[in-house]
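Asks: Below you'll find the structure I mean.
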Amino acid sequence: MWSSLKQLSLGLGLLAAASAALLVSDLSSRVTSAPGGRASGGPIPVALLQHASSPLYDETAQGVIDGLAAGGFRDGKEIRLHRFNAEGDIPTANLIASRVADGSFRLTATISTICLQAVSNANRAGKTTQVFCAVSAPVAAGVGIKELGSLEKPAHLTGIGTAQPVEDIFRAIRRIHPALRRVGVVWNPAEANSLVTVQRARAICKELGLELVEASIEGTRDVKESTNAVVSRGAEAVWVGGDATVLSAMDTLVGVVQQARIPFFSNISGHVRRGALLDLGANYYQVGHKAGEIAAEILAGRPAAEIAVEDFMPREIGLNFQVLATLKGGWQIPAEVRAEAATIIEADGSVTQKNAPTPEPARRAEPYRISAVGYIESVPTEESTSGFLRGLKEAGLEEGRDFVWNYRSAQGDLSVLSTIFAAVEREKPDLVAVFSTPTLQNALQRLRHLPIVFALVADPVSAGAGKSKEEHDPRVTGVSVLGPYDGMAELLTTHYPQWKTIGALMTPSEENSVITNRLFREALERRGLKLVSVPVNHSTELSEAAAALCRQVDAVVQVPDNLVSAGFTAIAAAARRARVPLFGLAQVHARHGAALALSRDYEDAGHDAGLVAARVLRGEAPANIPFKDPSRTVLTVNPEAATAQGVTLTPELLEKADLTLK
């Protein structure tokens, strides 16, 4: 909500930079196909493009890979698989589509309606055969498919449709709550599949006497505001269809409905594990597996022109009794609905799996070996590593069974980092996970050929990892936590216009601290504010430096770095003594005495990095994965600290807060 201008500038930069990077990446994959689809002198080059990193798309992708293998086309053997991910960005999807449609790939598998459309538009010459899946309405996608079951379609295009059981889920939710009158939906009208499912929702709501309360969005940034809007207009529950934009911001939607104590129900199977009361939809691993089987048939010689597009819906129901206990309004789940469910999350959190479980992806004989390295022990490090492990688990990788996690910390000593990476280089793990800017920089210097995934890094480009998010060192990828500096500057000028001089401590020996203070200074100067930076070099200096800073400024807004994060309580104590407002740019700052923090969610960013790490472990090259920006900005307020510092948190700020500390 605070970084709209920044997101816009990043998007424009992406358009400018991504084209060259994507179009020239992986030139070694350009091979000539021999008759029958077999690549001359090696495996067949195959591309796999998914819209974003999410459980749905990741499960579908794994199903495609396993379906290909079941048909005799294994990655690294009969085929060479190149995985691409648009990370929820349509311009990026279009650029990748141009790349995969240039004749380099014998076959391209696409996951989602957006990816179907992007590759279909770029591939009008038919230089690659396209197999699609995870598409709700193939005919409505506008790619030349006349009707399901027909061969009236482009000869180089085939796949499967998975029409969401929209009518069935609305009937099910009415059985659960017969008194239900209003259901909210947030959707993107630019998505053809979403338009079709919403039209069906309107029809079934009219039949059942329900009011469908709609709010349209253009991007993920709109999801929170639009979900709040449908709740404020009286929605007693929220329905989630197959809208890719909404799926990319599910945590935001879930946060709103949980705060309102109303349920959401979803046509995406597995959403009960993310807080849905009920989900009714496809098993997307099986959807992907079916598409992989079709792709294998084509690689074996069957023309795509002979394969009609059919509907495939391996349907399953899930229920969440933990959510039921939190709801207002008399929600109950009848015994007959429970009897139909395949997955049930019980009130105590245990999971009952009543039907045959989803076929598990093929697993390695030996677990992956992950060497994880941190610079200093701190709350941001703990949150990032915890999120990283959660992301791996969400991607289907269990610690102990699928990977071994070996974590080391340098305890704030750069010389120790060098020793750690010398050991990592000798051990040759499957992946190196690094947390913090100094750790990333050391890894880049010390490791020659090992894949690296970073988290807890503010600006990987400034840290030396590449020229841009798309054009970067081929060994490395990850998720940044660049702070919402423009957002904080906007907050200050909007709610505290009387403040003109802002203070922050800075650690000159930490390059990330120098970079982030510069970025914050520039953001403040754009709004006519001045930043006073006081240097500190050791934790013993924090208290005295903070006291000196408080005497020079209207307010302190602390930019996070490793030293100040570890000793933030000393800064908070100085602010209380001086009665000077203290804000922060990390959530832990509010927990340790700041009146307010506008921050990236380190745990969420770590989770996103864990999902990226799973892709790398499964064979995707880091060079093909752009650096990702944080997915969430969180406003946390601490009224008790504000009172102690003599600052008033305005009603508008309290209303906007994502978290209020008690």
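Going through the structure tokens in order, the chains are called A, B, and so on, while each chain numbers its residues from 1 and the ligands are numbered from 1 in the order shown.
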Quick check for you: according to DSSP on this backbone, which residues of segment 381-499 of chain A are classed as strand (DSSP E)? Reply as an MDAnalysis selection string.

Replies: chainID A and resid 403:409 431:435 452:457 476:480

Asks: Keeping only N, CA and C atoms, write the selected residues as a tab-separated table (two decimals), in the first residue's frame.

Replies:
```tsv
chain	number	residue	atom	x	y	z
A	403	PHE	N	15.83	-33.64	1.96
A	403	PHE	CA	17.03	-32.82	2.00
A	403	PHE	C	17.62	-32.83	3.41
A	404	VAL	N	18.92	-32.59	3.46
A	404	VAL	CA	19.65	-32.44	4.72
A	404	VAL	C	20.07	-30.97	4.83
A	405	TRP	N	19.74	-30.35	5.95
A	405	TRP	CA	19.96	-28.91	6.17
A	405	TRP	C	21.13	-28.73	7.13
A	406	ASN	N	22.20	-28.13	6.66
A	406	ASN	CA	23.38	-27.89	7.47
A	406	ASN	C	23.59	-26.38	7.59
A	407	TYR	N	23.22	-25.82	8.76
A	407	TYR	CA	23.27	-24.36	8.94
A	407	TYR	C	24.49	-23.97	9.77
A	408	ARG	N	25.21	-22.94	9.30
A	408	ARG	CA	26.34	-22.39	10.03
A	408	ARG	C	26.17	-20.88	10.13
A	409	SER	N	26.63	-20.30	11.23
A	409	SER	CA	26.60	-18.84	11.41
A	409	SER	C	28.00	-18.34	11.67
A	431	LEU	N	23.12	-27.31	-3.04
A	431	LEU	CA	22.69	-25.91	-3.05
A	431	LEU	C	23.25	-25.20	-1.83
A	432	VAL	N	23.57	-23.92	-2.01
A	432	VAL	CA	24.01	-23.08	-0.90
A	432	VAL	C	22.97	-22.00	-0.66
A	433	ALA	N	22.42	-21.93	0.55
A	433	ALA	CA	21.45	-20.90	0.92
A	433	ALA	C	22.18	-19.87	1.78
A	434	VAL	N	22.13	-18.60	1.39
A	434	VAL	CA	22.86	-17.57	2.12
A	434	VAL	C	21.89	-16.51	2.64
A	435	PHE	N	22.17	-16.03	3.86
A	435	PHE	CA	21.30	-15.07	4.52
A	435	PHE	C	22.12	-13.85	4.94
A	452	ILE	N	23.60	-20.90	-5.79
A	452	ILE	CA	23.39	-20.09	-4.58
A	452	ILE	C	21.99	-19.48	-4.64
A	453	VAL	N	21.25	-19.57	-3.53
A	453	VAL	CA	19.96	-18.90	-3.40
A	453	VAL	C	20.04	-18.01	-2.16
A	454	PHE	N	19.75	-16.72	-2.31
A	454	PHE	CA	19.90	-15.79	-1.20
A	454	PHE	C	18.55	-15.37	-0.63
A	455	ALA	N	18.59	-14.97	0.63
A	455	ALA	CA	17.48	-14.32	1.32
A	455	ALA	C	18.10	-13.30	2.27
A	456	LEU	N	17.28	-12.40	2.82
A	456	LEU	CA	17.73	-11.38	3.77
A	456	LEU	C	18.81	-10.49	3.16
A	457	VAL	N	18.71	-10.22	1.87
A	457	VAL	CA	19.63	-9.34	1.16
A	457	VAL	C	18.83	-8.15	0.65
A	476	VAL	N	23.56	-17.63	-9.23
A	476	VAL	CA	22.82	-17.14	-8.08
A	476	VAL	C	21.43	-16.65	-8.45
A	477	THR	N	20.49	-16.82	-7.54
A	477	THR	CA	19.18	-16.20	-7.61
A	477	THR	C	18.64	-16.10	-6.19
A	478	GLY	N	17.48	-15.47	-6.03
A	478	GLY	CA	16.92	-15.37	-4.69
A	478	GLY	C	15.89	-14.27	-4.57
A	479	VAL	N	15.58	-13.91	-3.32
A	479	VAL	CA	14.52	-12.95	-3.01
A	479	VAL	C	15.10	-11.86	-2.12
A	480	SER	N	14.97	-10.62	-2.55
A	480	SER	CA	15.51	-9.49	-1.79
A	480	SER	C	14.54	-9.05	-0.70
```

Asks: Have a look at atom CA of Val186 of chain A and atom CA of Glu236 of chain A and let me know their distance in Å, one decimal.

Replies: 13.8 Å

Asks: Neighbours of Ala229 of chain A within 12 Å (only C-alpha atoms; same-chain residues fewer than 3 positions away dropped), as a PyMOL selection string?

Replies: chain A and resi 184-186+213-217+222-226+232-235+238+253+256-257+260

Asks: Rank A:Ser565, A:Gln258, A:Thr636, A:Asn517 by their smallest atom-to-atom distance to Pro535 of chain A, using only C-alpha atoms, and report the top residue only.

Replies: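 Going through A:Ser565, A:Gln258, A:Thr636, A:Asn517 one by one, the smallest distance to Pro535 of chain A is for A:Asn517.
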
Asks: For His271 of chain A, which of A:Leu654, A:Ala365, A:Leu56, A:Leu299 is the closest residue, counting only C-alpha atoms?

Replies: A:Leu56

Asks: Which residue gives the smallest distance to Ala570 of chain A among A:Leu491, A:Ala594, A:Leu247, A:Val553, with only C-alpha atoms counted?

Replies: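 Among the listed residues, A:Ala594 lies closest to Ala570 of chain A.
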
Asks: Using only C-alpha atoms, can you tell me which of A:Ser194, A:Gln164, A:Gln411, A:Gln558 comes closest to Ala141 of chain A?

Replies: A:Ser194

Asks: With a cut-off of 12 Å, could you pull out the residues of segment 512-619 of chain A touching segment 81-96 of chain A and give me the nearest pair of atoms for each, distance in Å to one decimal, using only C-alpha atoms, ordered by chain and ascending number, as JSON lines?

Replies:
```
{"residue": "A:Asp608", "atom": "CA", "partner": "A:Glu87", "partner_atom": "CA", "distance": 10.6}
{"residue": "A:Leu611", "atom": "CA", "partner": "A:Glu87", "partner_atom": "CA", "distance": 11.4}
{"residue": "A:Val612", "atom": "CA", "partner": "A:Asn85", "partner_atom": "CA", "distance": 9.9}
{"residue": "A:Arg615", "atom": "CA", "partner": "A:Arg83", "partner_atom": "CA", "distance": 8.5}
{"residue": "A:Val616", "atom": "CA", "partner": "A:Arg83", "partner_atom": "CA", "distance": 9.6}
{"residue": "A:Leu617", "atom": "CA", "partner": "A:Arg83", "partner_atom": "CA", "distance": 12.0}
{"residue": "A:Arg618", "atom": "CA", "partner": "A:Arg83", "partner_atom": "CA", "distance": 9.7}
{"residue": "A:Gly619", "atom": "CA", "partner": "A:Arg83", "partner_atom": "CA", "distance": 8.1}
```

Asks: List the spatial neighbours of Gly329 of chain A as a list in words - criterion: any atom at most 10 Å away, only C-alpha atoms, same-chain residues fewer than 5 positions off excluded.

Replies: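 What passes the distance filter is His177, Ala179, Leu180, Glu236, Arg261 and Ile262 of chain A.
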
Asks: Would you please work out which residue, of A:Glu211, A:Arg182, A:Leu505, A:Asp311, is nearest to Gly149 of chain A when using only C-alpha atoms?

Replies: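 That would be A:Asp311, the residue with the smallest distance to Gly149 of chain A.
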
Asks: Would you list the contacts of segment 420-430 of chain A as a ChimeraX atom specification, taking every protein, DNA or RNA residue within 7 Å and counting only C-alpha atoms, but skipping same-chain residues closer than 3 positions in sequence?

Replies: /A:368-371,416-417,443,446-447,617

Asks: Would you compute the distance between atom CA of Gln50 of chain A and atom CA of Val287 of chain A? Give it in Å to one decimal.

Replies: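 Computing it gives 13.7 Å between the two atoms.
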
Asks: As a PyMOL selection string, please: every residue in segment 260-428 of chain A that a backbone DSSP assignment puts in helix (DSSP H, G or I).

Replies: chain A and resi 260+271-274+284-299+304-306+321-324+335-340+379-394+414-427

Asks: List as JSON lines every residue of segment 283-393 of chain A that is in contact with segment 106-127 of chain A, defined as an atom at most 9 Å from one of its atoms (using only C-alpha atoms), together with the nearest atom pair and the distance in Å rounded to one decimal, sorted by chain and then rising number.

Replies:
```
{"residue": "A:Gly288", "atom": "CA", "partner": "A:Ile111", "partner_atom": "CA", "distance": 8.3}
{"residue": "A:Ala291", "atom": "CA", "partner": "A:Ala109", "partner_atom": "CA", "distance": 8.0}
{"residue": "A:Gly292", "atom": "CA", "partner": "A:Ala109", "partner_atom": "CA", "distance": 8.1}
{"residue": "A:Ala295", "atom": "CA", "partner": "A:Ala109", "partner_atom": "CA", "distance": 7.6}
{"residue": "A:Ile298", "atom": "CA", "partner": "A:Leu107", "partner_atom": "CA", "distance": 8.5}
{"residue": "A:Leu299", "atom": "CA", "partner": "A:Leu107", "partner_atom": "CA", "distance": 7.7}
```

Asks: Could you dump the residues just selected with N, CA, C and O atoms as a tab-separated table (two decimals), in the first residue's frame?

Replies:
```tsv
chain	number	residue	atom	x	y	z
A	288	GLY	N	-1.30	-31.88	-14.04
A	288	GLY	CA	0.00	-31.77	-14.68
A	288	GLY	C	0.49	-33.10	-15.22
A	288	GLY	O	1.09	-33.16	-16.31
A	291	ALA	N	-1.08	-33.79	-18.53
A	291	ALA	CA	-0.47	-32.99	-19.59
A	291	ALA	C	0.91	-33.54	-19.94
A	291	ALA	O	1.30	-33.55	-21.12
A	292	GLY	N	1.67	-33.99	-18.94
A	292	GLY	CA	2.96	-34.59	-19.21
A	292	GLY	C	2.86	-35.85	-20.04
A	292	GLY	O	3.70	-36.11	-20.92
A	295	ALA	N	2.33	-34.74	-23.56
A	295	ALA	CA	3.59	-34.26	-24.10
A	295	ALA	C	4.51	-35.42	-24.49
A	295	ALA	O	5.19	-35.38	-25.53
A	298	ILE	N	3.53	-36.87	-27.79
A	298	ILE	CA	3.95	-36.03	-28.91
A	298	ILE	C	5.44	-36.21	-29.18
A	298	ILE	O	5.88	-36.35	-30.33
A	299	LEU	N	6.24	-36.24	-28.12
A	299	LEU	CA	7.68	-36.44	-28.29
A	299	LEU	C	7.98	-37.81	-28.88
A	299	LEU	O	9.00	-37.99	-29.57
```
